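Here is the structure we will look at, set down as structure tokens.
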Amino acid sequence: MSFTSYIQYAAIKSLSKLYGKEFSENDFQVNETKPEFTGDYTIVLFALVKTLRKSPEALGNELGEQLVKDNPAFFSGFNVIKGFLNLLIADERLTQLLKENYQNENFGKKEKTNKNVMVEYSSPNTNKPLHLGHLRNNFLGWSVAEILKANGNKVVKTSIVNDRGIHICKSMIAWEMFAHGDTPDSTKEKGDHFVGDYYVKFNDVYKQEVDGLMKSGKSEEEAKKEAPIMKKAQQMLFDWEQGKRDVRDLWKMMNEWVYTGFDETYRRIGSDFEKTFYESETYLLGKDFVKEGLEKNILFKKDDGSVWIDLSEENLGEKLLLRSDGTSVYMTQDIGLAKQKFEEFHLDKSIYVIGDEQLHHMKVLKEIIRKLGMPFADEIFHLSYGMVELTTGKMKSREGTVVDADDLIDEMVATAEQHTKELGKVNDFSEEELKELYETLGLGAMKFYLLRVDPKKRMIFNPEESIDFHGFTGPFVQYTYARIQSILRKTGIEETEISLNQLSTEQLLPLERQLIIMLEKYGNILSDAANEMNPSLVAGYVFNLAKLYNSFYTEHSVAHAETEAKKQLRLSISVMTAGVIKSGLQLLGIKVPERM
RNA sequence: GGUCCCGUAGUUCAAUGGAUAGAAUAGAAGUUUCCUAAACUUUAGAUACAAGUUCGAUUCUUGUCGGGACUACCA
């Protein structure tokens with residue numbers, strides 16, 4: 001039981017003892033005590049004042065005395081200021097926590113449950129390489145999956161690859177017209193970039209053709225329809241759907257190029273998937289329920305034969321599910337896939353990591369599934385995240401302002417290399433060790449930068465700030481870890497275990513108490529992060545922990561502590577801090593270096 | 001037009017209705033015979049505006065002003 005839960009529980013008992021009434025945890029709040037007051041935890045009394053008709057002072061003193069009396073091993077004292085009852089945790093309770101957990105690698109994590117959760121993330125298109133926005137998605141999805149695991153869930157990570165449609169046909173046409181047989185191998189280019197370049201080429205030619213047609217008197221609408229290259233792409237999509245052999249072969253070949261490129265990037269950033277869906281295999285899903293929905297009068301047919309659902313009661317308007325020619329749309333396959341996911345993986349919950357521009361789409365999806373009477377409608381969750389914008393405005397592929405993922409990673413790793421060389425602390429490292437360190441630091445900085453913000457909010461990507469390795473950053477936290485490891489190496493603690501019965505019984509110093517209390521909170525942070533699906537809580541926590549440890553580090557010596565008992569105490573605090581930092585960063589997909 | 005989201009230090013981000021609104025960075029001033037100065041310490045600086053709800057509002061409600069997303073027989 002966490003400290004806050006225990007305090008809540010203890011207060012409920014003491015209150016009913018004092019006043020002969022039943023109380024619940026909703027009757028009062030337990031907060032951390034603000035640093036400017038004496039105490040560790042604070043019970044806010046205002047809400048109780050009303051029901052008990054007592055002055056805050058009297059209530060606080062009575063409850064404080066009772067709590068200390070009832071829980072002498074937990075509380076060592078209290079004070080009352082205005083409506084706030086500040087409680088002090090006993091030193092013995094804090095050292096006990098240390099003794100029990102300082103080496104526990106699973107500290108803060110929850111018991112395994114049988115909950116099956118799917119996290120769908122990444123889900124790229126195969127016509128162009130990944131960019132900054134995809135990175136936010138990948139880091140977020142991966143991290144949320146790990147956080148859910150740490151809270152006991154069984155998690156299936158999945159991605160649905162958008163491998164068919166007009167967009168990939170555009171790249172294919174442009175390649176046929178302009179590549180003269182070039183391949184990623186022949187040009188030594190990464191496959192996804194190679195294919196992406198032909199997508200850009202398509203758009204360039206298309207634009208020229210449209211301009212040309214408009215100059216010869218066509219309206220913009222006409223010009224866009226009649227541009228020859230667009231007609232070719234549409235014909236190719238048609239041929240693809242007919243299963244035309246050479247088109248399918250070309251499609252397969254170019255997608256393979258892209259997958260090879262994606263795999264390289266995924267490996268580097270650590271994205272992984274237990275299951276990959278391909279849209280080419282799922283796009284026909286969902287047609288069966290259309291029939292069913294029509295029979296049940298949940299869906300309706302218009303005169304031209306197209307099938308719709310009316311969601312105007314839900315304020316979502318009408319939504320098309322089958323075109324007049326009988327082909328399905330994105331929504332239709334999404335419904336089919338949702339069903340397949342739940343059935344194939346026996347899911348309790350299905351999470352979609354998708355940008356907030358699809359809020360409407362996901363709302364409609366959920367609502368249709370509910371109307372169709374599928375039992376899992378309420379277990380579909382859209383984890384929507386905000387767009388990543390640049391300081392200069394939005395990223396637009398057409399204007400070439402997109403930040404490419406691979407370029408960005410290279411830049412971050414290069415920055416790590418530059419800083420490391422300037423500081424010259426690891427000159428004895430081998431080439432491989434150095435390379436690994438640069439990756440650890442560069443990716444650590446980037447992941448931390450993108451995960452430290454509440455996912456729901458839009459965020460601004462500032463290139464200068466993102467390559468900063470000081471302050472609220474990944475390397476800052478990694479540095480604290482490395483320094484602790486250095487202490488442990490120098491004191492030889494890896495070989496000889498800390499003698500716990502020798503732990504200091506002297507009064508804990510403020511920074512020692514604060515650190516232990518902060519470490520204790522890790523479990524609560526993990527459950528909050530899982531409930532809110534919000535890795536930024538973990539990022540903020542490990543940063544604050546590192547910061548507090550750094551103050552402790554400058555203020556008090558560990559290796560040369562005043563007494564042997566103090567040394568043992570501080571060593572155990574250090575070991576536990578390093579463990580929690582490692583564990584927390586791991587949940588963000590960030591590795592820790594032994595030295596940096 | 002309609003639906004939804006967002007306005008907090010110069011900048012980028014925090015703050016389950018609770019105490020004097022926190023960090024980081026940029027600015028100013030310091031700390032290295034001693035466990036890694038990628039660190040630490042001190043300092044200055046903000047709730048868009050106006051009403052309301054109440055013991056108490058950055059948080060809830062309404063309005064105004066600014067910014068954004070969505071509103072395809074595209075995926």
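How things are named: the first chain in the structure tokens is A, the next is B, and so on; residues count from 1 in each chain; ligands count from 1 in the order shown.
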
Checklist entry - Taking only C-alpha atoms (C1' of nucleotides) into account, which residues of chain A are within 8 Å of chain B, as number ranges by chain? => result A: 34, 44, 46, 84, 165, 306, 315, 320, 322-324, 330, 356-360, 425, 453, 460, 465, 469-472, 475-476, 479, 483, 486-487, 490, 550-551, 554, 557-560

Checklist entry - Could you name the residues that touch A:Gly60 at 12 Å or less, counting only C-alpha atoms (C1' of nucleotides), but leaving out those on the same chain fewer than 3 positions away, as a PyMOL selection string? => result chain A and resi 11+14-15+18+42-46+48-49+52+54-57+63-67+78-87

Would you save the residues of that selection, restricted to N, CA and C atoms, as a PDB file, in the first residue's frame?
ATOM      1  N   ALA A  11      -6.493   7.664   8.310  1.00  0.00           N
ATOM      2  CA  ALA A  11      -7.297   8.818   8.705  1.00  0.00           C
ATOM      3  C   ALA A  11      -8.770   8.436   8.807  1.00  0.00           C
ATOM      4  N   SER A  14      -9.101   6.655  12.140  1.00  0.00           N
ATOM      5  CA  SER A  14      -8.980   7.549  13.285  1.00  0.00           C
ATOM      6  C   SER A  14     -10.175   8.494  13.384  1.00  0.00           C
ATOM      7  N   LEU A  15     -10.664   8.936  12.245  1.00  0.00           N
ATOM      8  CA  LEU A  15     -11.811   9.844  12.247  1.00  0.00           C
ATOM      9  C   LEU A  15     -13.053   9.173  12.821  1.00  0.00           C
ATOM     10  N   LEU A  18     -12.780   8.858  16.456  1.00  0.00           N
ATOM     11  CA  LEU A  18     -12.960  10.132  17.154  1.00  0.00           C
ATOM     12  C   LEU A  18     -14.409  10.599  17.155  1.00  0.00           C
ATOM     13  N   THR A  42      -0.007  16.043   3.715  1.00  0.00           N
ATOM     14  CA  THR A  42      -0.948  16.993   4.279  1.00  0.00           C
ATOM     15  C   THR A  42      -2.383  16.541   4.044  1.00  0.00           C
ATOM     16  N   ILE A  43      -3.165  16.548   5.103  1.00  0.00           N
ATOM     17  CA  ILE A  43      -4.594  16.302   4.949  1.00  0.00           C
ATOM     18  C   ILE A  43      -5.297  17.651   4.892  1.00  0.00           C
ATOM     19  N   VAL A  44      -6.063  17.859   3.821  1.00  0.00           N
ATOM     20  CA  VAL A  44      -6.799  19.108   3.674  1.00  0.00           C
ATOM     21  C   VAL A  44      -8.125  18.966   4.423  1.00  0.00           C
ATOM     22  N   LEU A  45      -8.347  19.832   5.407  1.00  0.00           N
ATOM     23  CA  LEU A  45      -9.430  19.612   6.354  1.00  0.00           C
ATOM     24  C   LEU A  45     -10.741  20.320   5.996  1.00  0.00           C
ATOM     25  N   PHE A  46     -10.692  21.249   5.060  1.00  0.00           N
ATOM     26  CA  PHE A  46     -11.856  22.112   4.828  1.00  0.00           C
ATOM     27  C   PHE A  46     -13.145  21.333   4.620  1.00  0.00           C
ATOM     28  N   LEU A  48     -13.991  18.487   5.713  1.00  0.00           N
ATOM     29  CA  LEU A  48     -14.458  17.844   6.936  1.00  0.00           C
ATOM     30  C   LEU A  48     -15.042  18.859   7.918  1.00  0.00           C
ATOM     31  N   VAL A  49     -14.523  20.063   7.841  1.00  0.00           N
ATOM     32  CA  VAL A  49     -14.940  21.108   8.771  1.00  0.00           C
ATOM     33  C   VAL A  49     -16.451  21.279   8.754  1.00  0.00           C
ATOM     34  N   LEU A  52     -18.385  18.107  10.219  1.00  0.00           N
ATOM     35  CA  LEU A  52     -18.142  17.861  11.646  1.00  0.00           C
ATOM     36  C   LEU A  52     -18.425  19.085  12.515  1.00  0.00           C
ATOM     37  N   LYS A  54     -16.632  21.668  13.245  1.00  0.00           N
ATOM     38  CA  LYS A  54     -15.529  21.973  14.167  1.00  0.00           C
ATOM     39  C   LYS A  54     -14.663  23.022  13.512  1.00  0.00           C
ATOM     40  N   SER A  55     -13.879  23.703  14.279  1.00  0.00           N
ATOM     41  CA  SER A  55     -12.935  24.641  13.687  1.00  0.00           C
ATOM     42  C   SER A  55     -11.796  23.828  13.079  1.00  0.00           C
ATOM     43  N   PRO A  56     -11.203  24.319  12.017  1.00  0.00           N
ATOM     44  CA  PRO A  56     -10.104  23.585  11.380  1.00  0.00           C
ATOM     45  C   PRO A  56      -8.979  23.281  12.372  1.00  0.00           C
ATOM     46  N   GLU A  57      -8.697  24.267  13.227  1.00  0.00           N
ATOM     47  CA  GLU A  57      -7.614  24.089  14.210  1.00  0.00           C
ATOM     48  C   GLU A  57      -7.904  22.904  15.123  1.00  0.00           C
ATOM     49  N   LEU A  63      -7.360  15.184  15.149  1.00  0.00           N
ATOM     50  CA  LEU A  63      -7.054  14.117  14.188  1.00  0.00           C
ATOM     51  C   LEU A  63      -5.556  13.803  14.201  1.00  0.00           C
ATOM     52  N   GLY A  64      -4.736  14.842  14.272  1.00  0.00           N
ATOM     53  CA  GLY A  64      -3.289  14.642  14.300  1.00  0.00           C
ATOM     54  C   GLY A  64      -2.871  13.785  15.485  1.00  0.00           C
ATOM     55  N   GLU A  65      -3.382  14.129  16.660  1.00  0.00           N
ATOM     56  CA  GLU A  65      -3.018  13.358  17.848  1.00  0.00           C
ATOM     57  C   GLU A  65      -3.456  11.908  17.719  1.00  0.00           C
ATOM     58  N   GLN A  66      -4.682  11.731  17.246  1.00  0.00           N
ATOM     59  CA  GLN A  66      -5.222  10.380  17.111  1.00  0.00           C
ATOM     60  C   GLN A  66      -4.407   9.552  16.113  1.00  0.00           C
ATOM     61  N   LEU A  67      -4.043  10.203  14.995  1.00  0.00           N
ATOM     62  CA  LEU A  67      -3.285   9.481  13.962  1.00  0.00           C
ATOM     63  C   LEU A  67      -1.932   9.020  14.491  1.00  0.00           C
ATOM     64  N   PHE A  78       3.089  15.940  13.892  1.00  0.00           N
ATOM     65  CA  PHE A  78       2.177  16.679  13.023  1.00  0.00           C
ATOM     66  C   PHE A  78       2.153  18.146  13.436  1.00  0.00           C
ATOM     67  N   ASN A  79       1.645  18.977  12.553  1.00  0.00           N
ATOM     68  CA  ASN A  79       1.342  20.354  12.904  1.00  0.00           C
ATOM     69  C   ASN A  79       0.143  20.807  12.098  1.00  0.00           C
ATOM     70  N   VAL A  80      -0.550  21.800  12.613  1.00  0.00           N
ATOM     71  CA  VAL A  80      -1.755  22.288  11.929  1.00  0.00           C
ATOM     72  C   VAL A  80      -1.574  23.754  11.576  1.00  0.00           C
ATOM     73  N   ILE A  81      -1.753  24.074  10.312  1.00  0.00           N
ATOM     74  CA  ILE A  81      -1.710  25.465   9.868  1.00  0.00           C
ATOM     75  C   ILE A  81      -2.971  25.727   9.061  1.00  0.00           C
ATOM     76  N   LYS A  82      -3.750  26.672   9.522  1.00  0.00           N
ATOM     77  CA  LYS A  82      -5.053  26.948   8.900  1.00  0.00           C
ATOM     78  C   LYS A  82      -5.824  25.639   8.737  1.00  0.00           C
ATOM     79  N   GLY A  83      -6.283  25.327   7.546  1.00  0.00           N
ATOM     80  CA  GLY A  83      -7.056  24.099   7.373  1.00  0.00           C
ATOM     81  C   GLY A  83      -6.217  22.907   6.952  1.00  0.00           C
ATOM     82  N   PHE A  84      -4.936  22.958   7.209  1.00  0.00           N
ATOM     83  CA  PHE A  84      -4.057  21.896   6.721  1.00  0.00           C
ATOM     84  C   PHE A  84      -3.390  21.148   7.864  1.00  0.00           C
ATOM     85  N   LEU A  85      -3.550  19.850   7.872  1.00  0.00           N
ATOM     86  CA  LEU A  85      -2.896  19.009   8.867  1.00  0.00           C
ATOM     87  C   LEU A  85      -1.661  18.384   8.228  1.00  0.00           C
ATOM     88  N   ASN A  86      -0.486  18.860   8.650  1.00  0.00           N
ATOM     89  CA  ASN A  86       0.762  18.355   8.075  1.00  0.00           C
ATOM     90  C   ASN A  86       1.298  17.210   8.922  1.00  0.00           C
ATOM     91  N   LEU A  87       1.612  16.112   8.259  1.00  0.00           N
ATOM     92  CA  LEU A  87       2.042  14.912   8.969  1.00  0.00           C
ATOM     93  C   LEU A  87       3.489  14.577   8.622  1.00  0.00           C
TER      94      LEU A  87
END

Next on the checklist: Going by DSSP on the backbone, which residues of stretch 132-366 of chain A come out as strand (DSSP E)? List them as a PyMOL selection string.
Outcome noted: chain A and resi 154-161+275-278+299-301+307-311+317-322+349-355

Checklist entry - Please, what distance in Å, to one decimal, runs between atom C1' of B:U59 and atom CA of A:Asn31? => result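 Result for atom C1' of B:U59 versus atom CA of A:Asn31: 16.6 Å, one decimal.
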
Checklist entry - For the atom pair atom CA of A:Thr51 and atom CA of A:Lys69, what is the interatomic distance in Å to one decimal place? => result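 Calculated distance between atom CA of A:Thr51 and atom CA of A:Lys69 is 23.5 Å.
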
Checklist entry - From the list A:Gly442, A:Ser583, A:His134, A:Leu237, which residue is nearest A:His419 when using only C-alpha atoms? => result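 Answer, going by the shortest atom-to-atom distance: A:Gly442.
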
Item to check | Å distance separating atom CA of A:Lys547 from atom C1' of B:A37, one decimal place | outcome: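 Separating atom CA of A:Lys547 from atom C1' of B:A37 is a distance of 14.4 Å.
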
Next on the checklist: Need to verify the contact set: stretch 398-407 of chain A, 6 Å, only C-alpha atoms (C1' of nucleotides), exclusion of same-chain residues closer than 4 positions in sequence. Can you return it as a count of residues only?
Outcome noted: 3

Residues near B:U61, cut-off 12 Å, only C-alpha atoms (C1' of nucleotides), skip fewer than 4 positions along chain, as an mmCIF file with C-alpha atoms (C1' of nucleotides), in the first residue's frame:
data_model
loop_
_atom_site.group_PDB
_atom_site.id
_atom_site.type_symbol
_atom_site.label_atom_id
_atom_site.label_comp_id
_atom_site.auth_asym_id
_atom_site.auth_seq_id
_atom_site.Cartn_x
_atom_site.Cartn_y
_atom_site.Cartn_z
ATOM 1 C "C1'" A B 51 -18.730 38.332 -15.255
ATOM 2 C "C1'" G B 52 -20.586 34.082 -12.244
ATOM 3 C "C1'" U B 53 -20.529 29.534 -8.849
ATOM 4 C "C1'" A B 57 -10.822 29.232 -9.222
#

Please give the complete set of residues from stretch 123-227 of chain A that DSSP, run on the backbone, assigns to alpha helix (DSSP H), formatted as a short mmCIF file (atom, residue, chain, number, x, y, z; two decimals) with N, CA and C atoms, in the first residue's frame.
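Contents of part09.cif, as written:
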data_model
loop_
_atom_site.label_atom_id
_atom_site.label_comp_id
_atom_site.auth_asym_id
_atom_site.auth_seq_id
_atom_site.Cartn_x
_atom_site.Cartn_y
_atom_site.Cartn_z
N LEU A 132 8.89 13.60 -38.19
CA LEU A 132 8.82 13.97 -36.77
C LEU A 132 7.50 13.57 -36.11
N GLY A 133 6.39 13.79 -36.82
CA GLY A 133 5.09 13.44 -36.26
C GLY A 133 4.99 11.95 -35.97
N HIS A 134 5.53 11.12 -36.88
CA HIS A 134 5.53 9.68 -36.65
C HIS A 134 6.34 9.33 -35.41
N LEU A 135 7.40 10.09 -35.17
CA LEU A 135 8.23 9.79 -34.01
C LEU A 135 7.44 9.99 -32.73
N ARG A 136 6.67 11.07 -32.66
CA ARG A 136 5.86 11.26 -31.46
C ARG A 136 4.92 10.08 -31.28
N ASN A 137 4.31 9.67 -32.38
CA ASN A 137 3.40 8.53 -32.33
C ASN A 137 4.11 7.26 -31.87
N ASN A 138 5.26 6.97 -32.47
CA ASN A 138 5.99 5.75 -32.13
C ASN A 138 6.44 5.74 -30.67
N PHE A 139 7.00 6.83 -30.23
CA PHE A 139 7.49 6.88 -28.86
C PHE A 139 6.33 6.78 -27.87
N LEU A 140 5.26 7.48 -28.19
CA LEU A 140 4.09 7.47 -27.32
C LEU A 140 3.47 6.08 -27.24
N GLY A 141 3.25 5.48 -28.38
CA GLY A 141 2.61 4.16 -28.41
C GLY A 141 3.45 3.12 -27.70
N TRP A 142 4.72 3.10 -27.98
CA TRP A 142 5.62 2.13 -27.36
C TRP A 142 5.62 2.32 -25.86
N SER A 143 5.75 3.57 -25.43
CA SER A 143 5.86 3.86 -24.00
C SER A 143 4.56 3.52 -23.27
N VAL A 144 3.44 3.87 -23.85
CA VAL A 144 2.16 3.55 -23.20
C VAL A 144 2.01 2.03 -23.06
N ALA A 145 2.43 1.31 -24.08
CA ALA A 145 2.37 -0.16 -24.01
C ALA A 145 3.21 -0.67 -22.84
N GLU A 146 4.41 -0.13 -22.69
CA GLU A 146 5.30 -0.59 -21.62
C GLU A 146 4.74 -0.19 -20.25
N ILE A 147 4.17 1.00 -20.18
CA ILE A 147 3.59 1.45 -18.91
C ILE A 147 2.41 0.56 -18.52
N LEU A 148 1.63 0.17 -19.50
CA LEU A 148 0.51 -0.73 -19.21
C LEU A 148 1.02 -2.09 -18.75
N LYS A 149 2.11 -2.55 -19.35
CA LYS A 149 2.72 -3.81 -18.91
C LYS A 149 3.18 -3.70 -17.47
N ALA A 150 3.81 -2.58 -17.14
CA ALA A 150 4.32 -2.39 -15.78
C ALA A 150 3.18 -2.38 -14.77
N ILE A 166 -4.37 5.08 -53.42
CA ILE A 166 -3.92 5.98 -54.48
C ILE A 166 -2.52 6.53 -54.18
N HIS A 167 -2.20 6.70 -52.87
CA HIS A 167 -0.92 7.33 -52.54
C HIS A 167 0.26 6.50 -53.02
N ILE A 168 0.16 5.16 -52.82
CA ILE A 168 1.29 4.33 -53.24
C ILE A 168 1.32 4.21 -54.77
N CYS A 169 0.14 4.28 -55.39
CA CYS A 169 0.11 4.26 -56.85
C CYS A 169 0.82 5.48 -57.44
N LYS A 170 0.75 6.57 -56.73
CA LYS A 170 1.44 7.79 -57.21
C LYS A 170 2.95 7.54 -57.27
N SER A 171 3.50 6.97 -56.19
CA SER A 171 4.93 6.66 -56.19
C SER A 171 5.25 5.66 -57.30
N MET A 172 4.37 4.68 -57.49
CA MET A 172 4.62 3.64 -58.48
C MET A 172 4.66 4.21 -59.89
N ILE A 173 3.70 5.05 -60.20
CA ILE A 173 3.66 5.67 -61.53
C ILE A 173 4.91 6.50 -61.79
N ALA A 174 5.26 7.30 -60.80
CA ALA A 174 6.42 8.18 -60.97
C ALA A 174 7.68 7.33 -61.16
N TRP A 175 7.75 6.22 -60.43
CA TRP A 175 8.93 5.36 -60.59
C TRP A 175 8.98 4.78 -62.00
N GLU A 176 7.84 4.31 -62.48
CA GLU A 176 7.78 3.75 -63.83
C GLU A 176 8.21 4.77 -64.88
N MET A 177 7.77 6.01 -64.66
CA MET A 177 8.03 7.04 -65.67
C MET A 177 9.46 7.58 -65.63
N PHE A 178 10.01 7.69 -64.42
CA PHE A 178 11.25 8.46 -64.32
C PHE A 178 12.47 7.71 -63.76
N PRO A 184 16.79 1.10 -54.81
CA PRO A 184 17.54 1.55 -53.63
C PRO A 184 18.95 0.98 -53.63
N ASP A 185 19.09 -0.25 -54.11
CA ASP A 185 20.42 -0.86 -54.16
C ASP A 185 21.33 -0.10 -55.11
N SER A 186 20.80 0.19 -56.31
CA SER A 186 21.64 0.82 -57.32
C SER A 186 22.00 2.24 -56.95
N THR A 187 21.11 2.91 -56.20
CA THR A 187 21.39 4.30 -55.85
C THR A 187 21.92 4.44 -54.43
N GLY A 191 15.42 2.57 -48.66
CA GLY A 191 14.25 2.25 -49.48
C GLY A 191 13.07 3.18 -49.30
N ASP A 192 12.77 3.54 -48.06
CA ASP A 192 11.60 4.40 -47.83
C ASP A 192 11.82 5.80 -48.38
N HIS A 193 13.06 6.26 -48.30
CA HIS A 193 13.37 7.58 -48.86
C HIS A 193 13.32 7.53 -50.38
N PHE A 194 13.83 6.42 -50.91
CA PHE A 194 13.83 6.23 -52.36
C PHE A 194 12.40 6.32 -52.91
N VAL A 195 11.51 5.56 -52.31
CA VAL A 195 10.12 5.57 -52.78
C VAL A 195 9.46 6.93 -52.52
N GLY A 196 9.81 7.52 -51.38
CA GLY A 196 9.27 8.84 -51.05
C GLY A 196 9.65 9.89 -52.07
N ASP A 197 10.85 9.78 -52.60
CA ASP A 197 11.30 10.75 -53.61
C ASP A 197 10.43 10.69 -54.85
N TYR A 198 9.96 9.48 -55.21
CA TYR A 198 9.10 9.38 -56.39
C TYR A 198 7.70 9.91 -56.09
N TYR A 199 7.30 9.86 -54.85
CA TYR A 199 6.03 10.46 -54.46
C TYR A 199 6.11 11.97 -54.64
N VAL A 200 7.23 12.53 -54.23
CA VAL A 200 7.46 13.97 -54.41
C VAL A 200 7.48 14.30 -55.90
N LYS A 201 8.18 13.43 -56.65
CA LYS A 201 8.29 13.64 -58.10
C LYS A 201 6.89 13.67 -58.74
N PHE A 202 6.06 12.72 -58.30
CA PHE A 202 4.69 12.68 -58.81
C PHE A 202 4.01 14.03 -58.60
N ASN A 203 4.11 14.53 -57.37
CA ASN A 203 3.41 15.77 -57.05
C ASN A 203 3.95 16.95 -57.86
N ASP A 204 5.27 16.95 -58.11
CA ASP A 204 5.85 18.02 -58.92
C ASP A 204 5.26 18.01 -60.33
N VAL A 205 5.27 16.82 -60.92
CA VAL A 205 4.78 16.70 -62.29
C VAL A 205 3.29 17.04 -62.35
N TYR A 206 2.58 16.52 -61.36
CA TYR A 206 1.14 16.76 -61.30
C TYR A 206 0.84 18.26 -61.27
N LYS A 207 1.60 18.95 -60.44
CA LYS A 207 1.38 20.38 -60.29
C LYS A 207 1.66 21.11 -61.61
N GLN A 208 2.75 20.70 -62.27
CA GLN A 208 3.06 21.31 -63.57
C GLN A 208 1.93 21.09 -64.56
N GLU A 209 1.44 19.85 -64.59
CA GLU A 209 0.38 19.53 -65.53
C GLU A 209 -0.89 20.33 -65.24
N VAL A 210 -1.20 20.44 -63.95
CA VAL A 210 -2.39 21.20 -63.59
C VAL A 210 -2.22 22.66 -63.99
N ASP A 211 -1.06 23.22 -63.71
CA ASP A 211 -0.79 24.61 -64.09
C ASP A 211 -0.94 24.79 -65.60
N GLY A 212 -0.36 23.84 -66.32
CA GLY A 212 -0.42 23.91 -67.78
C GLY A 212 -1.86 23.90 -68.27
N LEU A 213 -2.65 23.00 -67.73
CA LEU A 213 -4.05 22.89 -68.16
C LEU A 213 -4.83 24.14 -67.81
N MET A 214 -4.51 24.72 -66.65
CA MET A 214 -5.24 25.91 -66.23
C MET A 214 -4.89 27.09 -67.14
N LYS A 215 -3.63 27.13 -67.59
CA LYS A 215 -3.23 28.21 -68.50
C LYS A 215 -3.96 28.08 -69.83
N GLU A 220 -9.66 25.01 -62.26
CA GLU A 220 -8.76 24.24 -61.41
C GLU A 220 -9.30 22.83 -61.21
N GLU A 221 -10.60 22.77 -60.99
CA GLU A 221 -11.23 21.46 -60.75
C GLU A 221 -11.05 20.53 -61.94
N GLU A 222 -11.30 21.06 -63.12
CA GLU A 222 -11.14 20.27 -64.34
C GLU A 222 -9.69 19.83 -64.51
N ALA A 223 -8.81 20.78 -64.31
CA ALA A 223 -7.38 20.52 -64.51
C ALA A 223 -6.92 19.39 -63.60
N LYS A 224 -7.36 19.44 -62.33
CA LYS A 224 -6.96 18.41 -61.39
C LYS A 224 -7.46 17.03 -61.79
N LYS A 225 -8.64 17.02 -62.36
CA LYS A 225 -9.21 15.75 -62.80
C LYS A 225 -8.52 15.21 -64.05
N GLU A 226 -8.14 16.13 -64.92
CA GLU A 226 -7.68 15.69 -66.24
C GLU A 226 -6.17 15.53 -66.36
#

Write out as a PDB file with C-alpha atoms, in the first residue's frame each polymer residue whose atoms come within 7 Å of stretch 23-26 of chain A, counting only C-alpha atoms (C1' of nucleotides); drop sequence neighbours fewer than 4 positions from it.
ATOM      1  CA  GLN A   8      -6.105   7.899   3.767  1.00  0.00           C
ATOM      2  CA  ILE A  12     -10.624   7.155   7.950  1.00  0.00           C
ATOM      3  CA  SER A  16     -14.502   7.277  12.912  1.00  0.00           C
TER       4      SER A  16
END

Item to check | Spatial neighbours of A:Glu241, max dist 12 Å, only C-alpha atoms (C1' of nucleotides), sep filter under 3 positions, as a list in words | outcome: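 Final neighbour list, sorted by chain and number: Arg164, Gly165, Ile166, Cys169, Gln234, Gln235, Met236, Leu237, Phe238, Lys244, Arg245, Val247, Arg248, Trp251, Ser280, Glu281, Tyr283, Leu284 and Thr327 of chain A.
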
Would you mind exporting the chosen residues as a compact mmCIF listing (two decimals), in the first residue's frame, restricted to N, CA and C atoms?
# COMPACT_ATOMS: atom_id res chain seq x y z
N ARG A 164 -1.86 0.16 -49.36
CA ARG A 164 -2.54 0.21 -50.66
C ARG A 164 -3.32 1.50 -50.78
N GLY A 165 -3.66 1.83 -52.00
CA GLY A 165 -4.42 3.04 -52.19
C GLY A 165 -3.74 3.96 -53.19
N ILE A 166 -4.37 5.08 -53.42
CA ILE A 166 -3.92 5.98 -54.48
C ILE A 166 -2.52 6.53 -54.18
N CYS A 169 0.14 4.28 -55.39
CA CYS A 169 0.11 4.26 -56.85
C CYS A 169 0.82 5.48 -57.44
N GLN A 234 -4.75 6.71 -61.17
CA GLN A 234 -6.07 6.14 -60.89
C GLN A 234 -6.27 4.82 -61.65
N GLN A 235 -5.77 4.80 -62.88
CA GLN A 235 -5.85 3.56 -63.65
C GLN A 235 -5.06 2.45 -62.94
N MET A 236 -3.93 2.85 -62.37
CA MET A 236 -3.10 1.87 -61.69
C MET A 236 -3.80 1.32 -60.44
N LEU A 237 -4.49 2.19 -59.74
CA LEU A 237 -5.25 1.74 -58.57
C LEU A 237 -6.32 0.74 -59.00
N PHE A 238 -6.98 1.07 -60.12
CA PHE A 238 -8.01 0.18 -60.65
C PHE A 238 -7.41 -1.18 -61.01
N LYS A 244 -4.21 -7.10 -61.34
CA LYS A 244 -3.37 -7.19 -62.52
C LYS A 244 -1.93 -7.53 -62.13
N ARG A 245 -1.39 -8.54 -62.78
CA ARG A 245 -0.15 -9.16 -62.34
C ARG A 245 1.03 -8.18 -62.23
N VAL A 247 1.18 -4.97 -62.14
CA VAL A 247 0.97 -3.91 -61.15
C VAL A 247 1.21 -4.44 -59.75
N ARG A 248 0.66 -5.62 -59.49
CA ARG A 248 0.85 -6.23 -58.18
C ARG A 248 2.34 -6.50 -57.91
N TRP A 251 4.04 -3.26 -57.16
CA TRP A 251 3.57 -2.82 -55.84
C TRP A 251 4.31 -3.57 -54.74
N SER A 280 -3.90 -4.01 -47.22
CA SER A 280 -4.25 -4.77 -48.42
C SER A 280 -4.96 -6.07 -48.05
N GLU A 281 -4.76 -6.51 -46.83
CA GLU A 281 -5.42 -7.74 -46.38
C GLU A 281 -6.69 -7.48 -45.58
N TYR A 283 -8.72 -4.53 -46.14
CA TYR A 283 -9.59 -3.46 -46.65
C TYR A 283 -10.95 -3.95 -47.10
N LEU A 284 -11.09 -5.25 -47.22
CA LEU A 284 -12.41 -5.76 -47.61
C LEU A 284 -13.23 -6.18 -46.39
N THR A 327 -18.26 -0.53 -53.30
CA THR A 327 -16.96 -0.64 -52.62
C THR A 327 -17.04 0.02 -51.24
